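Report on the following structure.
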Amino acid sequence: MTKYTPPDQSKALQVLDIIFLLVAIFVALWLPLQLGLAGAAKEIDKIDNPTWETLQQTPAQVAQWEKLGYDVNTAHDVIQSHFHYTIDWMELGLMALVLIGYFVFLFRASKKEYREVIAEKFGDGK
Amino acid sequence: MNTVNPAIAPGGQSQKVSLLRVLGPAHVWALGVGIVLVGEFTGWNFSADKGGTLAALIVLWMVGLLYTCVAMIDSEVTSTVAAAGGQYAQAKHIVGPLMAFNVALYLVFAYTMLEVSDAILAGDLITQIATESGATGVTHEPFLMLCIVVLVWLNYRGVLMTLNVNFVITALAFVSIIVLFFSVQPWSQGVVLKLGEMVTPSNALPYGWIGIVAGFQFGIWYYLGIEGTTQAAEEVRSPARSLPFGTMAGMMTLLIAACLTWYICASLLPWQHLGVTFFPLYDAAVVTGSPTLKFLLFWGTVLSAVASANGCINDAARAWFSLGRDRYLPTWFSAVHPKYRTPYRSILFLMPIAVAFVYIADLNQAITFSILSGVLQYTFMSINIVMFRNKWPLGSIRRGYTHPFHPLPAVLLFLLCAITFFAIFLGYGSQLVAMVTFYIIVSLWFHFYRYRYVRRADQFTMPWPKPKGY
Amino acid sequence: MSVWTLVSYGCWALSILMVVWMIYDWIKIDGKYTEAQLTSSREGEIEAISEKHNI
């Protein structure tokens with residue numbers, strides 16, 4: 001196996017590589033935020049004129065709420081805020097597909113590169 | 001510590017500048033636990049939001065199992081592949097260059113975003129104190145900036161001092177949890193602690209089983225970052241012994257801290273509050289009514305955040321440095337400071353990125369990105385260890401540590417990662433897809449373009465025999 | 001001016017000072033040593049001497 005000699009990379013191209021990575025990183029972190037995709041939303045299931053009883057809090061729990069500085073109205077927003085878990089199978093399928101596709105590509109491409117590395121390091125046919 | 005002699009004279013030839021081997025097992029512990037412990041002070045409790053207090057406990061054990069697998073697997077591989085870059089160097093030797101490139105990016109992402117979260121946390125706490133003391137118009141910007149810059153400076157000036165500092169502040173933060181635990185008379189329920197009244201059969205699992213699964217996402221925060229110990233591999237005096245020892249000791253510390261934390265918080269805080277607060281342990285101290293405990297846990301939280309950011313800067317820079325050394329990135333990044341023996345250019349390069357995100361990202365988002373990159377990495381680890389055992393079976397190379405019950409931990413780790421991906425889907429599915437799309441794009445870029453600048457055989461640096469099957 | 005305002009300014013000043021020092025040191029070091037010296041670190045060099053993998 002002949003030894004692979006990489007081409008020289010000019011300074012400008014090196015800088016370009018770094019810029020590419022930086023832009024990719026910022027886009028990956030920014031885009032979901034900009035599109036409002038960040039996080040599952042909780043919804044408040046409102047109770048009118050809440051009391052500790054209608055919020056189903058025991059006296060011991062009420063004591064702790066009060067020590068934390070809540071009153072019944074501020075606690076209402078925290079207590080009645082719920083997740084509504086729904087499974088969108090289409091979306092789940094898409095996510096699974098993207099993840100599996102990514103890992104399959106990763107391992108296959110790595111394997112190809114790895115063979116070259118081993119062949120050059122240890123020599124062929126031994 | 002700062003009087004390290006230059007390794008080479010300016011203009012002198014021959015001698016090489018490399019990282020300094022000065023660390024012991026205590027530093028490895030400080031690096032691992034230091035990064036993670038902040039998770040007990042904030043973050044883990046969002047799993048209670050997702051599924052209730054009992055779900056948080058179940059997740060504590062399940063994710064604890066996941067990380068025990070991570071620690072065992074990581075210890076075996078790293079006691080053999082001892083190089084800066086940790087899992088990156090492992091991937092390079094075992095799976096292949098593209099995988100290694102991705103792993104290094106997971107590391108840099110996970111640690112930089114964690115650093116960002118830590119700085120936001122510390123900065124916000126200080127601002128809160130300022131506001132409580134009656135000051136008006138105090139904003140968190142200067143504190144965020146100072147937090148990052150001081151830690152970068154510390155990292156720039158040498159690894160020994162950096163991790164000595166981390167050891168002290170991590171130990172103090174850990175002690176604050178222990179003191180809180182013994183102050184609330186854990187042996188007699190009902191005096192201060194009221195577990196039975198806070199967690200009742202009707203509110204223990206408000207969302208049922210799906211809540212437990214959803215809780216996995218933030219359960220990761222009990223332990224996220226313990227695998228960072230391996231980044232110190234090139235700076236530890238005896239990596240084959242110190243790394244497994246430091247990592248395992250760290251994992252035990254964290255399991256203890258996690259149990260204590262859950263027990264205190266679940267017994268003192270209503271679950272709905274526990275699920276949304278940013279400071280569960282501090283709030284628990286507030287509820288006890290003791291000013292001393294309040295003071296202690298306030299500083300515990302700040303110190304744990306600082307320790308974590310400090311370790312993250314150390315680890316992210318090591319990963320970036322390794323990428324430069326193998327020409328995956330321009331070699332410019334692989335410079336070592338001749339006097340302080342740190343990868344100074346990588347440390348400096350990552351600083352503005354962290355600063356930028358401290359100001360533009362919010363805490364939840366930064367945490368989520370950290371978790372996502374972490375879970376992608378654990379998925380890689382479970383496959384990596386199987387390939388490692390296949391290519392170099394036991395007995396073919398010397399291992400500093402061999403983990404038991406193979407392949408059970410690998411299978412378990414893989415399953416738990418799958419569950420965590422599902423949990424992330426329930427909360428942050430679109431972000432996961434966006435993130436993986438990013439990794440796909442940079443992978444294509446690397447495979448078809450950037451890899452041409454990499455010297456093939458030079459990447460394989462371990463003095464091992466040829467892998468089986470090649 | 002309140003104490004906290006002073007502390008805020010202090011934080012900015014200290015941050016700027018440290019950043020400036022690091023940039024100064026970086027430029028100084030880059031000028032003093034050759035690029036080949038600075039980037040002479042190689043992975044696995046110490047292992048090659050101390051850790052024998054022959055069993």
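By order of appearance in the structure tokens: chains A, B, ..., then residues from 1 within every chain, and ligands from 1 in the order shown.
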Self-check item: Check: which chain C residues lie within 7 Å of chain B using only C-alpha atoms, as a PyMOL selection string
Solution: chain C and resi 4-5+8+11-12+15+18-19+32-33+37-41+43-44+48+53-55
Could you give me, as a tab-separated table (two decimals) with C-alpha atoms, in the first residue's frame, the residues within 12 Å of Ala319 of chain B, counting only C-alpha atoms and dropping anything in the same chain fewer than 2 positions from it?
chain	number	residue	atom	x	y	z
B	83	ALA	CA	-4.86	10.12	25.06
B	84	ALA	CA	-6.22	13.64	25.35
B	85	GLY	CA	-9.52	13.78	23.54
B	86	GLY	CA	-10.77	10.75	25.48
B	87	GLN	CA	-13.65	9.14	23.60
B	88	TYR	CA	-12.45	10.85	20.43
B	89	ALA	CA	-9.17	8.92	20.52
B	90	GLN	CA	-11.10	5.76	21.37
B	100	ALA	CA	-14.06	10.13	15.83
B	101	PHE	CA	-14.79	13.49	14.25
B	102	ASN	CA	-18.42	13.25	15.33
B	103	VAL	CA	-17.52	12.15	18.84
B	104	ALA	CA	-15.18	15.10	19.23
B	105	LEU	CA	-17.99	17.43	18.17
B	106	TYR	CA	-20.36	15.77	20.68
B	107	LEU	CA	-17.76	16.44	23.35
B	108	VAL	CA	-17.17	20.05	22.39
B	109	PHE	CA	-20.91	20.69	22.11
B	110	ALA	CA	-21.88	18.95	25.33
B	111	TYR	CA	-19.18	20.65	27.38
B	112	THR	CA	-19.48	24.11	25.87
B	228	GLY	CA	-15.22	13.70	31.01
B	230	THR	CA	-10.95	10.59	30.22
B	231	GLN	CA	-10.02	13.97	28.76
B	232	ALA	CA	-7.27	14.17	31.35
B	233	ALA	CA	-5.65	10.98	30.06
B	234	GLU	CA	-2.53	12.68	28.74
B	312	CYS	CA	-16.00	21.88	30.88
B	313	ILE	CA	-13.50	24.43	29.58
B	314	ASN	CA	-10.74	21.95	30.30
B	315	ASP	CA	-12.48	19.10	28.48
B	316	ALA	CA	-13.82	20.99	25.47
B	317	ALA	CA	-10.38	22.45	24.82
B	321	PHE	CA	-6.90	20.33	20.52
B	322	SER	CA	-6.91	16.65	19.56
B	323	LEU	CA	-8.86	17.41	16.40
B	324	GLY	CA	-6.15	19.86	15.38
B	325	ARG	CA	-3.38	17.39	16.20
B	326	ASP	CA	-4.76	14.83	13.77
B	328	TYR	CA	-9.15	16.99	11.28
B	329	LEU	CA	-9.03	20.73	11.87
B	333	PHE	CA	-5.16	24.41	17.12
B	334	SER	CA	-2.76	21.73	18.28
B	343	PRO	CA	-3.60	23.73	24.59
B	346	SER	CA	-7.98	25.89	21.63
B	347	ILE	CA	-8.82	27.32	25.04
B	350	LEU	CA	-13.62	28.37	22.37
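Of the residues listed (B:Ala173, B:Val95, B:Ile424, B:Met161), B:Val95 shows the shortest atom-to-atom separation from chain A; distances use only C-alpha atoms.
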Self-check item: Closest of B:Leu394, B:Leu195, B:Cys69, B:Val386 to chain A - atom-to-atom distances counting only C-alpha atoms
Solution: B:Leu195
Practice problem: Would you please extract all alpha helix (DSSP H) residues from segment 214-269 of chain B, as assigned by DSSP on the backbone, and give them as a PyMOL selection string? | Solution: chain B and resi 214-219+239-268
Quiz item: When the cut-off is 7 Å and we count only C-alpha atoms, which residues of chain B are near chain A, given as a ChimeraX atom specification?
Solution: /B:95-99,197-198,269-270,272-273,287,330,365,426-428,430-431,433-436,438,440,452-457,466
Next, the residues of the selection above should be written as a CSV table (one decimal), in the first residue's frame with N, CA and C atoms.
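Saved file part.csv follows:
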chain,number,residue,atom,x,y,z
B,95,VAL,N,-13.4,2.6,15.8
B,95,VAL,CA,-14.4,2.6,14.8
B,95,VAL,C,-13.9,3.2,13.5
B,96,GLY,N,-13.4,4.4,13.6
B,96,GLY,CA,-12.9,5.0,12.4
B,96,GLY,C,-12.9,6.5,12.4
B,97,PRO,N,-12.2,7.2,11.5
B,97,PRO,CA,-12.0,8.6,11.6
B,97,PRO,C,-13.3,9.4,11.6
B,98,LEU,N,-14.3,9.1,10.7
B,98,LEU,CA,-15.5,9.9,10.7
B,98,LEU,C,-16.3,9.9,12.1
B,99,MET,N,-16.3,8.7,12.6
B,99,MET,CA,-16.9,8.5,14.0
B,99,MET,C,-16.2,9.4,15.0
B,197,GLU,N,-46.1,13.0,53.4
B,197,GLU,CA,-47.1,13.9,53.1
B,197,GLU,C,-46.9,14.7,51.8
B,198,MET,N,-45.6,14.8,51.4
B,198,MET,CA,-45.3,15.4,50.1
B,198,MET,C,-45.6,14.5,49.0
B,269,LEU,N,-40.3,19.6,49.5
B,269,LEU,CA,-40.9,20.4,48.5
B,269,LEU,C,-42.1,19.7,47.8
B,270,PRO,N,-43.2,20.5,47.6
B,270,PRO,CA,-44.3,19.9,46.8
B,270,PRO,C,-43.8,19.6,45.4
B,272,GLN,N,-44.9,19.9,42.4
B,272,GLN,CA,-45.1,20.8,41.3
B,272,GLN,C,-44.0,21.9,41.4
B,273,HIS,N,-43.7,22.3,42.6
B,273,HIS,CA,-42.6,23.3,42.8
B,273,HIS,C,-41.3,22.7,42.4
B,287,VAL,N,-36.8,26.3,53.0
B,287,VAL,CA,-37.9,25.7,53.7
B,287,VAL,C,-37.6,25.3,55.1
B,330,PRO,N,-7.5,22.5,11.2
B,330,PRO,CA,-6.1,23.0,11.0
B,330,PRO,C,-5.2,22.8,12.2
B,365,GLN,N,-32.5,25.7,26.9
B,365,GLN,CA,-32.0,25.3,25.5
B,365,GLN,C,-30.6,24.8,25.6
B,426,LEU,N,-40.5,13.1,23.3
B,426,LEU,CA,-41.7,13.7,24.0
B,426,LEU,C,-41.6,15.1,24.3
B,427,GLY,N,-40.4,15.6,24.5
B,427,GLY,CA,-40.2,17.0,24.9
B,427,GLY,C,-39.6,17.9,23.8
B,428,TYR,N,-38.5,17.4,23.2
B,428,TYR,CA,-37.7,18.2,22.4
B,428,TYR,C,-37.4,17.5,21.0
B,430,SER,N,-38.2,18.0,17.9
B,430,SER,CA,-37.7,18.8,16.7
B,430,SER,C,-36.3,19.2,16.9
B,431,GLN,N,-35.9,19.5,18.1
B,431,GLN,CA,-34.5,19.9,18.4
B,431,GLN,C,-33.6,18.8,18.1
B,433,VAL,N,-34.0,16.4,16.0
B,433,VAL,CA,-33.9,16.2,14.5
B,433,VAL,C,-33.0,17.3,13.9
B,434,ALA,N,-33.2,18.6,14.4
B,434,ALA,CA,-32.3,19.7,14.0
B,434,ALA,C,-30.8,19.4,14.2
B,435,MET,N,-30.6,18.9,15.4
B,435,MET,CA,-29.2,18.6,15.9
B,435,MET,C,-28.6,17.5,15.0
B,436,VAL,N,-29.4,16.4,14.8
B,436,VAL,CA,-28.8,15.3,14.1
B,436,VAL,C,-28.6,15.8,12.6
B,438,PHE,N,-27.6,18.7,11.7
B,438,PHE,CA,-26.4,19.3,11.8
B,438,PHE,C,-25.2,18.3,11.7
B,440,ILE,N,-25.2,15.4,10.5
B,440,ILE,CA,-25.2,14.7,9.2
B,440,ILE,C,-24.5,15.7,8.2
B,452,ARG,N,-9.4,14.7,3.2
B,452,ARG,CA,-8.3,14.6,2.3
B,452,ARG,C,-7.0,15.2,2.9
B,453,TYR,N,-7.2,16.0,3.9
B,453,TYR,CA,-6.0,16.7,4.5
B,453,TYR,C,-5.4,15.9,5.7
B,454,VAL,N,-6.0,14.7,5.9
B,454,VAL,CA,-5.6,13.9,7.1
B,454,VAL,C,-4.6,12.8,6.7
B,455,ARG,N,-3.5,12.7,7.4
B,455,ARG,CA,-2.5,11.6,7.2
B,455,ARG,C,-3.1,10.3,7.7
B,456,ARG,N,-3.2,9.3,6.8
B,456,ARG,CA,-3.9,8.1,7.2
B,456,ARG,C,-3.3,7.4,8.4
B,457,ALA,N,-2.1,6.8,8.2
B,457,ALA,CA,-1.6,5.9,9.3
B,457,ALA,C,-1.2,6.7,10.5
B,466,LYS,N,-2.2,-5.5,15.0
B,466,LYS,CA,-3.3,-5.3,14.0
B,466,LYS,C,-4.6,-5.8,14.5
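Going from atom CA of Leu372 of chain B to atom CA of Gly219 of chain B covers 12.6 Å.
If you measure from each of B:Phe414, B:Val33, B:Ser373, B:Leu54 to Trp209 of chain B using only C-alpha atoms, the closest one turns out to be B:Leu54.
The space separating atom CA of Ala56 of chain B from atom CA of Phe357 of chain B comes to 29.1 Å.
Separating atom CA of Tyr207 of chain B from atom CA of Thr288 of chain B is a distance of 29.1 Å.
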Quiz item: If you count only C-alpha atoms, which residues fall within 10 Å of Met248 of chain B, apart from same-chain ones fewer than 5 positions away, as JSON, numbers by chain?
Solution: {"B": [29, 32, 68, 71, 72, 75, 226, 242, 243, 253, 254]}
Store the residues picked out above, limited to N, CA and C atoms, as an mmCIF file, in the first residue's frame.
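For reference, result.cif as written:
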data_model
loop_
_atom_site.group_PDB
_atom_site.id
_atom_site.type_symbol
_atom_site.label_atom_id
_atom_site.label_comp_id
_atom_site.auth_asym_id
_atom_site.auth_seq_id
_atom_site.Cartn_x
_atom_site.Cartn_y
_atom_site.Cartn_z
ATOM 1 N N TRP B 29 -10.986 12.604 39.877
ATOM 2 C CA TRP B 29 -12.264 12.677 40.609
ATOM 3 C C TRP B 29 -12.815 14.102 40.542
ATOM 4 N N GLY B 32 -14.223 14.869 37.054
ATOM 5 C CA GLY B 32 -15.485 14.181 36.772
ATOM 6 C C GLY B 32 -16.623 14.703 37.630
ATOM 7 N N THR B 68 -23.487 3.860 35.246
ATOM 8 C CA THR B 68 -22.554 2.869 35.758
ATOM 9 C C THR B 68 -21.988 2.078 34.577
ATOM 10 N N ALA B 71 -19.502 4.338 32.877
ATOM 11 C CA ALA B 71 -18.238 4.453 33.619
ATOM 12 C C ALA B 71 -17.400 3.187 33.467
ATOM 13 N N MET B 72 -18.046 2.021 33.520
ATOM 14 C CA MET B 72 -17.296 0.766 33.403
ATOM 15 C C MET B 72 -16.698 0.611 32.011
ATOM 16 N N SER B 75 -13.997 3.164 31.382
ATOM 17 C CA SER B 75 -12.766 2.873 32.124
ATOM 18 C C SER B 75 -11.943 1.822 31.407
ATOM 19 N N ILE B 226 -19.696 12.753 33.720
ATOM 20 C CA ILE B 226 -18.736 11.939 34.478
ATOM 21 C C ILE B 226 -17.718 11.302 33.536
ATOM 22 N N SER B 242 -5.137 5.479 37.401
ATOM 23 C CA SER B 242 -5.857 6.638 37.937
ATOM 24 C C SER B 242 -7.215 6.850 37.284
ATOM 25 N N LEU B 243 -7.303 6.632 35.982
ATOM 26 C CA LEU B 243 -8.568 6.931 35.300
ATOM 27 C C LEU B 243 -9.707 6.016 35.742
ATOM 28 N N THR B 253 -19.580 8.703 44.286
ATOM 29 C CA THR B 253 -19.900 9.984 44.915
ATOM 30 C C THR B 253 -21.219 10.520 44.385
ATOM 31 N N LEU B 254 -21.388 10.423 43.063
ATOM 32 C CA LEU B 254 -22.583 10.985 42.451
ATOM 33 C C LEU B 254 -23.836 10.217 42.810
#
